[in-house]
Amino acid sequence: VAEEGEFDRIARLFRPLARKLPGALGLTDDVGFLPPAAAGEALIVTTDTVVEGIHVLPGASPLRMAEKVLRVNLSDLASKGARPLAVLLNTALPHELPAGWLDAFAQALGRDLDRFGAGLLGGDSVATTGPVTLTLTAIGSVPEGLMPRRSGARVGDTIWVSGTLGDGALGLRAARGDLPGLSGEDASWLADRYHRPQPRLALGRALLGTARAGMDLSDGLPGDLVHICRASGVGATVDLAALPLSDAARRAIALQPALERRAWAGGDDYELLFTAAAVDEQAVREAGTAAGCPVTPIGRIVEGSGPPLFLDRTGHPVEGLRGWTHF
Ligand SMILES: [Mg+2]
């Protein structure tokens, strides 16, 4: 029996992921048909690359890589209130991948696509002499005119975040065994937060019409909030004491107080960062309740053009908070 060829292998592993999308043509043609947006909706598109050893740990499992590359893209869709429809996947894989790696990757990606209601529309596969490199493009649909843009913040808006911050940065340390003294339970909870982003799709959808500016937190609050400020032509003040931290993060910080700054500024949280008019506080809280996702006000949009101001408990600015730099 001849060794399975590349095309047969791709057909066997990836065609099942395309079955939900008739426009994918079973991955048998050069192109696919994009599913049309529903009436009153617009299609939006985003893309992100995950490189082994940069965005995931060296030697990351196929499960971890599949979940990461899909979910970081879905998180961008979530921040815009979009519903995921289809994805395109480009893989660059080294020849020396362990047997079964691609099978496990395709199965994990298929499970996660099902979980989030999207299908595989197409892609490409190449060999590389470098690490595993995955580029996923996600297509979603959003009600026309309601998408929160980076440029939508207005002076007086309240700044909100979803979930808890800092778990991604502390979780990376936990995953590398770098949080001595922390309980195994806390360490694995934090590591899971790093490995497995939870795209806040229901919350993003529930905030449509209420969120004025929005994006997801991938590089850390200081680095990401500055994008909203620049695009909107405004300044921001953030009350650091208001940042929502998980119990596990609090316990890690109690052991190593220097980690508090990492929790404030670290990346990989994939929570939503958004602004809303101050009068819409109740609407934001109701969206959080409806989506089953906590939301926390952390500051205010102010006049100005400088970088966001981060204030400690006594109201003094904290300098030098920087976004996450990858290892
Ligand atoms: Mg983003």
# chains A, B, ... in the order shown; residues from 1 in each chain; ligands from 1
$ residues_near_ligand --ligand "ligand 1" --cutoff "6 Å" --atoms "only C-alpha atoms and all ligand atoms" --output "MDAnalysis selection string"
chainID A and resid 76 215:216 218
$ select_by_dssp --residues "range 92-257 of chain A" --states "strand (DSSP E or B)" --output "PDB file with N, CA, C and O atoms, in the first residue's frame"
ATOM      1  N   ALA A  92       2.136  25.826   7.997  1.00  0.00           N
ATOM      2  CA  ALA A  92       3.525  25.608   7.587  1.00  0.00           C
ATOM      3  C   ALA A  92       4.113  24.644   8.610  1.00  0.00           C
ATOM      4  O   ALA A  92       4.246  24.985   9.789  1.00  0.00           O
ATOM      5  N   LEU A  93       4.387  23.415   8.174  1.00  0.00           N
ATOM      6  CA  LEU A  93       4.736  22.349   9.115  1.00  0.00           C
ATOM      7  C   LEU A  93       6.124  21.792   8.810  1.00  0.00           C
ATOM      8  O   LEU A  93       6.457  21.537   7.652  1.00  0.00           O
ATOM      9  N   PRO A  94       6.939  21.599   9.868  1.00  0.00           N
ATOM     10  CA  PRO A  94       8.247  20.977   9.663  1.00  0.00           C
ATOM     11  C   PRO A  94       8.099  19.489   9.322  1.00  0.00           C
ATOM     12  O   PRO A  94       7.137  18.847   9.734  1.00  0.00           O
ATOM     13  N   GLY A 119     -17.175  26.666  10.329  1.00  0.00           N
ATOM     14  CA  GLY A 119     -16.661  25.579   9.509  1.00  0.00           C
ATOM     15  C   GLY A 119     -15.414  26.009   8.764  1.00  0.00           C
ATOM     16  O   GLY A 119     -15.104  27.200   8.665  1.00  0.00           O
ATOM     17  N   LEU A 120     -14.715  25.004   8.218  1.00  0.00           N
ATOM     18  CA  LEU A 120     -13.491  25.281   7.453  1.00  0.00           C
ATOM     19  C   LEU A 120     -13.850  25.509   5.993  1.00  0.00           C
ATOM     20  O   LEU A 120     -14.470  24.660   5.351  1.00  0.00           O
ATOM     21  N   LEU A 121     -13.445  26.646   5.468  1.00  0.00           N
ATOM     22  CA  LEU A 121     -13.798  27.025   4.100  1.00  0.00           C
ATOM     23  C   LEU A 121     -12.684  26.741   3.112  1.00  0.00           C
ATOM     24  O   LEU A 121     -12.930  26.588   1.908  1.00  0.00           O
ATOM     25  N   GLY A 122     -11.461  26.656   3.604  1.00  0.00           N
ATOM     26  CA  GLY A 122     -10.337  26.395   2.701  1.00  0.00           C
ATOM     27  C   GLY A 122      -9.027  26.650   3.401  1.00  0.00           C
ATOM     28  O   GLY A 122      -8.988  26.869   4.612  1.00  0.00           O
ATOM     29  N   GLY A 123      -7.949  26.595   2.615  1.00  0.00           N
ATOM     30  CA  GLY A 123      -6.648  26.837   3.211  1.00  0.00           C
ATOM     31  C   GLY A 123      -5.531  26.361   2.315  1.00  0.00           C
ATOM     32  O   GLY A 123      -5.737  26.059   1.136  1.00  0.00           O
ATOM     33  N   ASP A 124      -4.354  26.291   2.903  1.00  0.00           N
ATOM     34  CA  ASP A 124      -3.176  25.872   2.164  1.00  0.00           C
ATOM     35  C   ASP A 124      -2.235  25.193   3.142  1.00  0.00           C
ATOM     36  O   ASP A 124      -2.322  25.391   4.355  1.00  0.00           O
ATOM     37  N   SER A 125      -1.354  24.377   2.604  1.00  0.00           N
ATOM     38  CA  SER A 125      -0.438  23.626   3.444  1.00  0.00           C
ATOM     39  C   SER A 125       0.936  23.641   2.786  1.00  0.00           C
ATOM     40  O   SER A 125       1.055  23.297   1.616  1.00  0.00           O
ATOM     41  N   VAL A 126       1.950  24.083   3.536  1.00  0.00           N
ATOM     42  CA  VAL A 126       3.317  24.084   3.007  1.00  0.00           C
ATOM     43  C   VAL A 126       4.246  23.464   4.040  1.00  0.00           C
ATOM     44  O   VAL A 126       3.881  23.306   5.207  1.00  0.00           O
ATOM     45  N   ALA A 127       5.441  23.103   3.585  1.00  0.00           N
ATOM     46  CA  ALA A 127       6.473  22.619   4.499  1.00  0.00           C
ATOM     47  C   ALA A 127       7.360  23.794   4.898  1.00  0.00           C
ATOM     48  O   ALA A 127       7.454  24.791   4.177  1.00  0.00           O
ATOM     49  N   THR A 128       7.985  23.676   6.069  1.00  0.00           N
ATOM     50  CA  THR A 128       8.888  24.734   6.520  1.00  0.00           C
ATOM     51  C   THR A 128      10.091  24.115   7.214  1.00  0.00           C
ATOM     52  O   THR A 128       9.992  23.012   7.761  1.00  0.00           O
ATOM     53  N   THR A 133       3.922  26.789  12.128  1.00  0.00           N
ATOM     54  CA  THR A 133       3.381  28.139  11.950  1.00  0.00           C
ATOM     55  C   THR A 133       1.993  28.025  11.351  1.00  0.00           C
ATOM     56  O   THR A 133       1.823  27.428  10.282  1.00  0.00           O
ATOM     57  N   LEU A 134       1.001  28.561  12.055  1.00  0.00           N
ATOM     58  CA  LEU A 134      -0.393  28.410  11.649  1.00  0.00           C
ATOM     59  C   LEU A 134      -1.013  29.784  11.474  1.00  0.00           C
ATOM     60  O   LEU A 134      -0.954  30.612  12.391  1.00  0.00           O
ATOM     61  N   THR A 135      -1.582  30.021  10.316  1.00  0.00           N
ATOM     62  CA  THR A 135      -2.294  31.276  10.080  1.00  0.00           C
ATOM     63  C   THR A 135      -3.756  30.966   9.833  1.00  0.00           C
ATOM     64  O   THR A 135      -4.080  30.194   8.925  1.00  0.00           O
ATOM     65  N   LEU A 136      -4.607  31.523  10.668  1.00  0.00           N
ATOM     66  CA  LEU A 136      -6.034  31.293  10.505  1.00  0.00           C
ATOM     67  C   LEU A 136      -6.722  32.623  10.215  1.00  0.00           C
ATOM     68  O   LEU A 136      -6.380  33.648  10.796  1.00  0.00           O
ATOM     69  N   THR A 137      -7.624  32.584   9.262  1.00  0.00           N
ATOM     70  CA  THR A 137      -8.428  33.748   8.911  1.00  0.00           C
ATOM     71  C   THR A 137      -9.865  33.417   9.264  1.00  0.00           C
ATOM     72  O   THR A 137     -10.375  32.372   8.846  1.00  0.00           O
ATOM     73  N   ALA A 138     -10.493  34.278  10.059  1.00  0.00           N
ATOM     74  CA  ALA A 138     -11.869  34.008  10.499  1.00  0.00           C
ATOM     75  C   ALA A 138     -12.816  35.023   9.882  1.00  0.00           C
ATOM     76  O   ALA A 138     -12.502  36.216   9.815  1.00  0.00           O
ATOM     77  N   ILE A 139     -13.938  34.530   9.426  1.00  0.00           N
ATOM     78  CA  ILE A 139     -14.969  35.378   8.819  1.00  0.00           C
ATOM     79  C   ILE A 139     -16.209  35.291   9.691  1.00  0.00           C
ATOM     80  O   ILE A 139     -16.620  34.204  10.106  1.00  0.00           O
ATOM     81  N   GLY A 140     -16.768  36.454   9.997  1.00  0.00           N
ATOM     82  CA  GLY A 140     -17.960  36.479  10.832  1.00  0.00           C
ATOM     83  C   GLY A 140     -18.978  37.453  10.271  1.00  0.00           C
ATOM     84  O   GLY A 140     -18.720  38.138   9.280  1.00  0.00           O
ATOM     85  N   SER A 141     -20.130  37.503  10.918  1.00  0.00           N
ATOM     86  CA  SER A 141     -21.138  38.458  10.475  1.00  0.00           C
ATOM     87  C   SER A 141     -21.614  39.278  11.664  1.00  0.00           C
ATOM     88  O   SER A 141     -21.691  38.783  12.799  1.00  0.00           O
ATOM     89  N   VAL A 142     -21.889  40.552  11.379  1.00  0.00           N
ATOM     90  CA  VAL A 142     -22.238  41.493  12.436  1.00  0.00           C
ATOM     91  C   VAL A 142     -23.350  42.401  11.909  1.00  0.00           C
ATOM     92  O   VAL A 142     -23.344  42.742  10.718  1.00  0.00           O
ATOM     93  N   PRO A 143     -24.320  42.770  12.751  1.00  0.00           N
ATOM     94  CA  PRO A 143     -25.377  43.678  12.290  1.00  0.00           C
ATOM     95  C   PRO A 143     -24.774  44.984  11.764  1.00  0.00           C
ATOM     96  O   PRO A 143     -23.903  45.567  12.403  1.00  0.00           O
ATOM     97  N   ARG A 149     -15.947  50.096  16.972  1.00  0.00           N
ATOM     98  CA  ARG A 149     -14.624  50.264  16.381  1.00  0.00           C
ATOM     99  C   ARG A 149     -13.649  50.793  17.422  1.00  0.00           C
ATOM    100  O   ARG A 149     -14.046  51.271  18.479  1.00  0.00           O
ATOM    101  N   THR A 158     -17.264  55.312  30.070  1.00  0.00           N
ATOM    102  CA  THR A 158     -16.670  54.412  31.052  1.00  0.00           C
ATOM    103  C   THR A 158     -15.889  53.331  30.300  1.00  0.00           C
ATOM    104  O   THR A 158     -16.337  52.850  29.255  1.00  0.00           O
ATOM    105  N   ILE A 159     -14.707  52.976  30.828  1.00  0.00           N
ATOM    106  CA  ILE A 159     -13.898  51.889  30.245  1.00  0.00           C
ATOM    107  C   ILE A 159     -14.214  50.614  31.021  1.00  0.00           C
ATOM    108  O   ILE A 159     -14.194  50.620  32.262  1.00  0.00           O
ATOM    109  N   TRP A 160     -14.502  49.559  30.287  1.00  0.00           N
ATOM    110  CA  TRP A 160     -14.883  48.276  30.887  1.00  0.00           C
ATOM    111  C   TRP A 160     -13.964  47.161  30.393  1.00  0.00           C
ATOM    112  O   TRP A 160     -13.439  47.228  29.274  1.00  0.00           O
ATOM    113  N   VAL A 161     -13.829  46.118  31.222  1.00  0.00           N
ATOM    114  CA  VAL A 161     -13.209  44.871  30.750  1.00  0.00           C
ATOM    115  C   VAL A 161     -14.089  43.695  31.160  1.00  0.00           C
ATOM    116  O   VAL A 161     -14.856  43.781  32.125  1.00  0.00           O
ATOM    117  N   SER A 162     -13.971  42.618  30.415  1.00  0.00           N
ATOM    118  CA  SER A 162     -14.681  41.384  30.774  1.00  0.00           C
ATOM    119  C   SER A 162     -13.760  40.499  31.603  1.00  0.00           C
ATOM    120  O   SER A 162     -12.530  40.673  31.596  1.00  0.00           O
ATOM    121  N   ALA A 213     -16.630  51.704  21.674  1.00  0.00           N
ATOM    122  CA  ALA A 213     -15.337  51.290  21.141  1.00  0.00           C
ATOM    123  C   ALA A 213     -15.053  49.924  21.723  1.00  0.00           C
ATOM    124  O   ALA A 213     -15.479  49.637  22.847  1.00  0.00           O
ATOM    125  N   GLY A 214     -14.380  49.078  20.973  1.00  0.00           N
ATOM    126  CA  GLY A 214     -14.095  47.762  21.528  1.00  0.00           C
ATOM    127  C   GLY A 214     -12.964  47.069  20.801  1.00  0.00           C
ATOM    128  O   GLY A 214     -12.742  47.289  19.611  1.00  0.00           O
ATOM    129  N   MET A 215     -12.241  46.264  21.552  1.00  0.00           N
ATOM    130  CA  MET A 215     -11.210  45.384  20.995  1.00  0.00           C
ATOM    131  C   MET A 215     -10.963  44.288  22.014  1.00  0.00           C
ATOM    132  O   MET A 215     -11.501  44.342  23.118  1.00  0.00           O
ATOM    133  N   ASP A 216     -10.173  43.297  21.635  1.00  0.00           N
ATOM    134  CA  ASP A 216      -9.849  42.285  22.635  1.00  0.00           C
ATOM    135  C   ASP A 216      -8.459  42.556  23.198  1.00  0.00           C
ATOM    136  O   ASP A 216      -7.663  43.288  22.605  1.00  0.00           O
ATOM    137  N   GLY A 235      -7.921  60.617  25.658  1.00  0.00           N
ATOM    138  CA  GLY A 235      -7.071  60.058  26.685  1.00  0.00           C
ATOM    139  C   GLY A 235      -7.872  59.116  27.571  1.00  0.00           C
ATOM    140  O   GLY A 235      -9.083  58.923  27.356  1.00  0.00           O
ATOM    141  N   ALA A 236      -7.202  58.517  28.557  1.00  0.00           N
ATOM    142  CA  ALA A 236      -7.902  57.589  29.459  1.00  0.00           C
ATOM    143  C   ALA A 236      -7.225  57.594  30.815  1.00  0.00           C
ATOM    144  O   ALA A 236      -6.003  57.753  30.901  1.00  0.00           O
ATOM    145  N   THR A 237      -8.021  57.456  31.856  1.00  0.00           N
ATOM    146  CA  THR A 237      -7.443  57.175  33.175  1.00  0.00           C
ATOM    147  C   THR A 237      -8.019  55.846  33.655  1.00  0.00           C
ATOM    148  O   THR A 237      -9.213  55.574  33.487  1.00  0.00           O
ATOM    149  N   VAL A 238      -7.135  55.029  34.213  1.00  0.00           N
ATOM    150  CA  VAL A 238      -7.522  53.700  34.692  1.00  0.00           C
ATOM    151  C   VAL A 238      -7.168  53.610  36.172  1.00  0.00           C
ATOM    152  O   VAL A 238      -6.076  54.008  36.586  1.00  0.00           O
ATOM    153  N   ASP A 239      -8.121  53.096  36.937  1.00  0.00           N
ATOM    154  CA  ASP A 239      -7.941  52.899  38.376  1.00  0.00           C
ATOM    155  C   ASP A 239      -7.429  51.470  38.579  1.00  0.00           C
ATOM    156  O   ASP A 239      -8.195  50.511  38.484  1.00  0.00           O
TER     157      ASP A 239
END
$ select_by_dssp --residues "range 146-249 of chain A" --states "helix (DSSP H, G or I)" --output "MDAnalysis selection string"
chainID A and resid 150:152 167:175 184:195 201:206 221:232 240:242 247:249
$ residues_around --residues "Ala278 in chain A" --least-positions-apart "5" --cutoff "10 Å" --atoms "only C-alpha atoms" --output "number ranges by chain"
A: 155-159, 284, 300
$ closest_residue --among "A:Ala11, A:Leu190, A:Leu309, A:Glu286" --to "Val226 in chain A" --atoms "only C-alpha atoms"
A:Leu309
$ residues_around --residues "Pro131 in chain A" --least-positions-apart "5" --cutoff "12 Å" --atoms "only C-alpha atoms" --output "MDAnalysis selection string"
chainID A and resid 50:60 65 91:97
$ residues_around --residues "Trp189 in chain A" --least-positions-apart "6" --cutoff "9 Å" --atoms "only C-alpha atoms" --output "ChimeraX atom specification"
/A:167,171,174,248
$ residues_around --residues "Arg115 in chain A" --least-positions-apart "3" --cutoff "12 Å" --atoms "only C-alpha atoms" --output "list in words"
Leu17, Glu67, Leu70, Arg71, Leu74, Pro84, Ala108, Leu109, Gly110, Arg111, Asp112, Ala118, Gly119, Gln198, Pro199 and Leu201 of chain A
$ closest_residue --among "A:Ser61, A:Gln256, A:Thr46, A:Asn90" --to "Ser75 in chain A" --atoms "only C-alpha atoms"
A:Thr46
$ closest_residue --among "A:Pro297, A:Pro62, A:Gly26, A:Gly315" --to "Ala276 in chain A" --atoms "only C-alpha atoms"
A:Pro297
$ atom_distance --atom1 "CA of Leu43 in chain A" --atom2 "CA of Ala106 in chain A"
25.6 Å
$ residues_around --residues "Leu311 in chain A" --least-positions-apart "5" --cutoff "12 Å" --atoms "only C-alpha atoms" --output "PDB file with all heavy atoms, in the first residue's frame"
ATOM      1  N   ALA A 236      -7.202  58.517  28.557  1.00  0.00           N
ATOM      2  CA  ALA A 236      -7.902  57.589  29.459  1.00  0.00           C
ATOM      3  C   ALA A 236      -7.225  57.594  30.815  1.00  0.00           C
ATOM      4  O   ALA A 236      -6.003  57.753  30.901  1.00  0.00           O
ATOM      5  CB  ALA A 236      -7.891  56.178  28.880  1.00  0.00           C
ATOM      6  N   THR A 237      -8.021  57.456  31.856  1.00  0.00           N
ATOM      7  CA  THR A 237      -7.443  57.175  33.175  1.00  0.00           C
ATOM      8  C   THR A 237      -8.019  55.846  33.655  1.00  0.00           C
ATOM      9  O   THR A 237      -9.213  55.574  33.487  1.00  0.00           O
ATOM     10  CB  THR A 237      -7.768  58.262  34.216  1.00  0.00           C
ATOM     11  OG1 THR A 237      -9.183  58.338  34.369  1.00  0.00           O
ATOM     12  CG2 THR A 237      -7.234  59.615  33.794  1.00  0.00           C
ATOM     13  N   VAL A 238      -7.135  55.029  34.213  1.00  0.00           N
ATOM     14  CA  VAL A 238      -7.522  53.700  34.692  1.00  0.00           C
ATOM     15  C   VAL A 238      -7.168  53.610  36.172  1.00  0.00           C
ATOM     16  O   VAL A 238      -6.076  54.008  36.586  1.00  0.00           O
ATOM     17  CB  VAL A 238      -6.778  52.596  33.902  1.00  0.00           C
ATOM     18  CG1 VAL A 238      -6.988  51.235  34.553  1.00  0.00           C
ATOM     19  CG2 VAL A 238      -7.234  52.580  32.455  1.00  0.00           C
ATOM     20  N   ASP A 239      -8.121  53.096  36.937  1.00  0.00           N
ATOM     21  CA  ASP A 239      -7.941  52.899  38.376  1.00  0.00           C
ATOM     22  C   ASP A 239      -7.429  51.470  38.579  1.00  0.00           C
ATOM     23  O   ASP A 239      -8.195  50.511  38.484  1.00  0.00           O
ATOM     24  CB  ASP A 239      -9.312  53.113  39.033  1.00  0.00           C
ATOM     25  CG  ASP A 239      -9.272  52.869  40.515  1.00  0.00           C
ATOM     26  OD1 ASP A 239      -8.160  52.749  41.073  1.00  0.00           O
ATOM     27  OD2 ASP A 239     -10.362  52.806  41.112  1.00  0.00           O
ATOM     28  N   LEU A 240      -6.122  51.336  38.855  1.00  0.00           N
ATOM     29  CA  LEU A 240      -5.533  49.987  38.920  1.00  0.00           C
ATOM     30  C   LEU A 240      -6.194  49.125  39.987  1.00  0.00           C
ATOM     31  O   LEU A 240      -6.301  47.906  39.830  1.00  0.00           O
ATOM     32  CB  LEU A 240      -4.025  50.094  39.171  1.00  0.00           C
ATOM     33  CG  LEU A 240      -3.211  50.586  37.966  1.00  0.00           C
ATOM     34  CD1 LEU A 240      -1.786  50.935  38.393  1.00  0.00           C
ATOM     35  CD2 LEU A 240      -3.190  49.542  36.854  1.00  0.00           C
ATOM     36  N   ALA A 241      -6.662  49.749  41.066  1.00  0.00           N
ATOM     37  CA  ALA A 241      -7.296  48.971  42.135  1.00  0.00           C
ATOM     38  C   ALA A 241      -8.601  48.338  41.660  1.00  0.00           C
ATOM     39  O   ALA A 241      -9.096  47.391  42.266  1.00  0.00           O
ATOM     40  CB  ALA A 241      -7.554  49.862  43.348  1.00  0.00           C
ATOM     41  N   ALA A 242      -9.156  48.874  40.563  1.00  0.00           N
ATOM     42  CA  ALA A 242     -10.430  48.337  40.062  1.00  0.00           C
ATOM     43  C   ALA A 242     -10.233  47.145  39.132  1.00  0.00           C
ATOM     44  O   ALA A 242     -11.205  46.472  38.780  1.00  0.00           O
ATOM     45  CB  ALA A 242     -11.193  49.439  39.326  1.00  0.00           C
ATOM     46  N   LEU A 243      -9.003  46.861  38.703  1.00  0.00           N
ATOM     47  CA  LEU A 243      -8.814  45.774  37.727  1.00  0.00           C
ATOM     48  C   LEU A 243      -9.244  44.445  38.344  1.00  0.00           C
ATOM     49  O   LEU A 243      -8.815  44.099  39.444  1.00  0.00           O
ATOM     50  CB  LEU A 243      -7.345  45.689  37.279  1.00  0.00           C
ATOM     51  CG  LEU A 243      -6.759  46.920  36.593  1.00  0.00           C
ATOM     52  CD1 LEU A 243      -5.420  46.579  35.934  1.00  0.00           C
ATOM     53  CD2 LEU A 243      -7.708  47.502  35.554  1.00  0.00           C
ATOM     54  N   TRP A 264      -1.313  43.385  35.762  1.00  0.00           N
ATOM     55  CA  TRP A 264      -1.948  44.577  35.211  1.00  0.00           C
ATOM     56  C   TRP A 264      -1.655  44.730  33.727  1.00  0.00           C
ATOM     57  O   TRP A 264      -2.501  45.191  32.959  1.00  0.00           O
ATOM     58  CB  TRP A 264      -1.419  45.832  35.922  1.00  0.00           C
ATOM     59  CG  TRP A 264      -1.835  45.983  37.350  1.00  0.00           C
ATOM     60  CD1 TRP A 264      -2.933  45.433  37.948  1.00  0.00           C
ATOM     61  CD2 TRP A 264      -1.160  46.749  38.359  1.00  0.00           C
ATOM     62  NE1 TRP A 264      -2.982  45.814  39.266  1.00  0.00           N
ATOM     63  CE2 TRP A 264      -1.915  46.616  39.543  1.00  0.00           C
ATOM     64  CE3 TRP A 264       0.002  47.531  38.378  1.00  0.00           C
ATOM     65  CZ2 TRP A 264      -1.546  47.241  40.735  1.00  0.00           C
ATOM     66  CZ3 TRP A 264       0.364  48.151  39.554  1.00  0.00           C
ATOM     67  CH2 TRP A 264      -0.394  48.014  40.730  1.00  0.00           C
ATOM     68  N   ILE A 298     -13.334  50.030  34.823  1.00  0.00           N
ATOM     69  CA  ILE A 298     -11.955  50.214  35.318  1.00  0.00           C
ATOM     70  C   ILE A 298     -11.450  51.644  35.139  1.00  0.00           C
ATOM     71  O   ILE A 298     -10.354  51.952  35.584  1.00  0.00           O
ATOM     72  CB  ILE A 298     -10.971  49.246  34.628  1.00  0.00           C
ATOM     73  CG1 ILE A 298     -10.931  49.498  33.117  1.00  0.00           C
ATOM     74  CG2 ILE A 298     -11.337  47.795  34.952  1.00  0.00           C
ATOM     75  CD1 ILE A 298      -9.723  48.854  32.433  1.00  0.00           C
ATOM     76  N   GLY A 299     -12.220  52.507  34.495  1.00  0.00           N
ATOM     77  CA  GLY A 299     -11.709  53.865  34.305  1.00  0.00           C
ATOM     78  C   GLY A 299     -12.602  54.660  33.398  1.00  0.00           C
ATOM     79  O   GLY A 299     -13.759  54.283  33.135  1.00  0.00           O
ATOM     80  N   ARG A 300     -12.046  55.769  32.906  1.00  0.00           N
ATOM     81  CA  ARG A 300     -12.857  56.725  32.166  1.00  0.00           C
ATOM     82  C   ARG A 300     -12.072  57.284  30.988  1.00  0.00           C
ATOM     83  O   ARG A 300     -10.857  57.434  31.056  1.00  0.00           O
ATOM     84  CB  ARG A 300     -13.233  57.857  33.128  1.00  0.00           C
ATOM     85  CG  ARG A 300     -14.344  58.749  32.657  1.00  0.00           C
ATOM     86  CD  ARG A 300     -15.080  59.382  33.832  1.00  0.00           C
ATOM     87  NE  ARG A 300     -15.740  58.392  34.698  1.00  0.00           N
ATOM     88  CZ  ARG A 300     -16.887  57.769  34.399  1.00  0.00           C
ATOM     89  NH1 ARG A 300     -17.493  57.990  33.265  1.00  0.00           N
ATOM     90  NH2 ARG A 300     -17.405  56.904  35.243  1.00  0.00           N
ATOM     91  N   HIS A 316      -2.083  58.259  42.567  1.00  0.00           N
ATOM     92  CA  HIS A 316      -0.819  58.630  41.916  1.00  0.00           C
ATOM     93  C   HIS A 316      -0.584  57.789  40.661  1.00  0.00           C
ATOM     94  O   HIS A 316      -0.873  56.601  40.655  1.00  0.00           O
ATOM     95  CB  HIS A 316       0.364  58.452  42.886  1.00  0.00           C
ATOM     96  CG  HIS A 316       0.380  59.460  43.971  1.00  0.00           C
ATOM     97  ND1 HIS A 316      -0.207  59.240  45.191  1.00  0.00           N
ATOM     98  CD2 HIS A 316       0.890  60.721  44.010  1.00  0.00           C
ATOM     99  CE1 HIS A 316      -0.061  60.314  45.957  1.00  0.00           C
ATOM    100  NE2 HIS A 316       0.605  61.232  45.262  1.00  0.00           N
ATOM    101  N   PRO A 317      -0.059  58.424  39.608  1.00  0.00           N
ATOM    102  CA  PRO A 317       0.204  57.665  38.378  1.00  0.00           C
ATOM    103  C   PRO A 317       1.298  56.621  38.579  1.00  0.00           C
ATOM    104  O   PRO A 317       2.282  56.870  39.275  1.00  0.00           O
ATOM    105  CB  PRO A 317       0.668  58.734  37.379  1.00  0.00           C
ATOM    106  CG  PRO A 317       0.637  60.036  38.070  1.00  0.00           C
ATOM    107  CD  PRO A 317       0.276  59.843  39.505  1.00  0.00           C
ATOM    108  N   VAL A 318       1.081  55.455  38.005  1.00  0.00           N
ATOM    109  CA  VAL A 318       2.078  54.378  38.022  1.00  0.00           C
ATOM    110  C   VAL A 318       2.767  54.387  36.663  1.00  0.00           C
ATOM    111  O   VAL A 318       2.107  54.263  35.628  1.00  0.00           O
ATOM    112  CB  VAL A 318       1.417  53.015  38.293  1.00  0.00           C
ATOM    113  CG1 VAL A 318       2.415  51.877  38.132  1.00  0.00           C
ATOM    114  CG2 VAL A 318       0.798  53.003  39.682  1.00  0.00           C
ATOM    115  N   GLU A 319       4.075  54.563  36.657  1.00  0.00           N
ATOM    116  CA  GLU A 319       4.818  54.680  35.396  1.00  0.00           C
ATOM    117  C   GLU A 319       5.333  53.319  34.935  1.00  0.00           C
ATOM    118  O   GLU A 319       5.476  52.391  35.728  1.00  0.00           O
ATOM    119  CB  GLU A 319       6.035  55.615  35.581  1.00  0.00           C
ATOM    120  CG  GLU A 319       5.698  57.003  36.106  1.00  0.00           C
ATOM    121  CD  GLU A 319       4.926  57.847  35.107  1.00  0.00           C
ATOM    122  OE1 GLU A 319       4.955  57.505  33.899  1.00  0.00           O
ATOM    123  OE2 GLU A 319       4.282  58.829  35.519  1.00  0.00           O
ATOM    124  N   GLY A 320       5.611  53.269  33.654  1.00  0.00           N
ATOM    125  CA  GLY A 320       6.387  52.143  33.123  1.00  0.00           C
ATOM    126  C   GLY A 320       5.623  50.849  32.963  1.00  0.00           C
ATOM    127  O   GLY A 320       6.232  49.790  32.825  1.00  0.00           O
ATOM    128  N   LEU A 321       4.270  50.911  32.971  1.00  0.00           N
ATOM    129  CA  LEU A 321       3.518  49.676  32.706  1.00  0.00           C
ATOM    130  C   LEU A 321       3.607  49.383  31.225  1.00  0.00           C
ATOM    131  O   LEU A 321       3.238  50.213  30.398  1.00  0.00           O
ATOM    132  CB  LEU A 321       2.055  49.841  33.106  1.00  0.00           C
ATOM    133  CG  LEU A 321       1.726  49.753  34.587  1.00  0.00           C
ATOM    134  CD1 LEU A 321       0.222  49.807  34.774  1.00  0.00           C
ATOM    135  CD2 LEU A 321       2.281  48.474  35.189  1.00  0.00           C
TER     136      LEU A 321
END
$ closest_residue --among "A:Lys68, A:Arg205, A:Arg15, A:His227" --to "Arg193 in chain A" --atoms "only C-alpha atoms"
A:Lys68
$ closest_residue --among "A:Ala263, A:Ile228, A:Leu165, A:Ala104" --to "Pro244 in chain A" --atoms "only C-alpha atoms"
A:Leu165
$ closest_residue --among "A:Val295, A:Ala191, A:Leu245, A:Ala66" --to "Asp178 in chain A" --atoms "only C-alpha atoms"
A:Ala191
$ atom_distance --atom1 "CA of Leu208 in chain A" --atom2 "CA of Asp268 in chain A"
23.7 Å
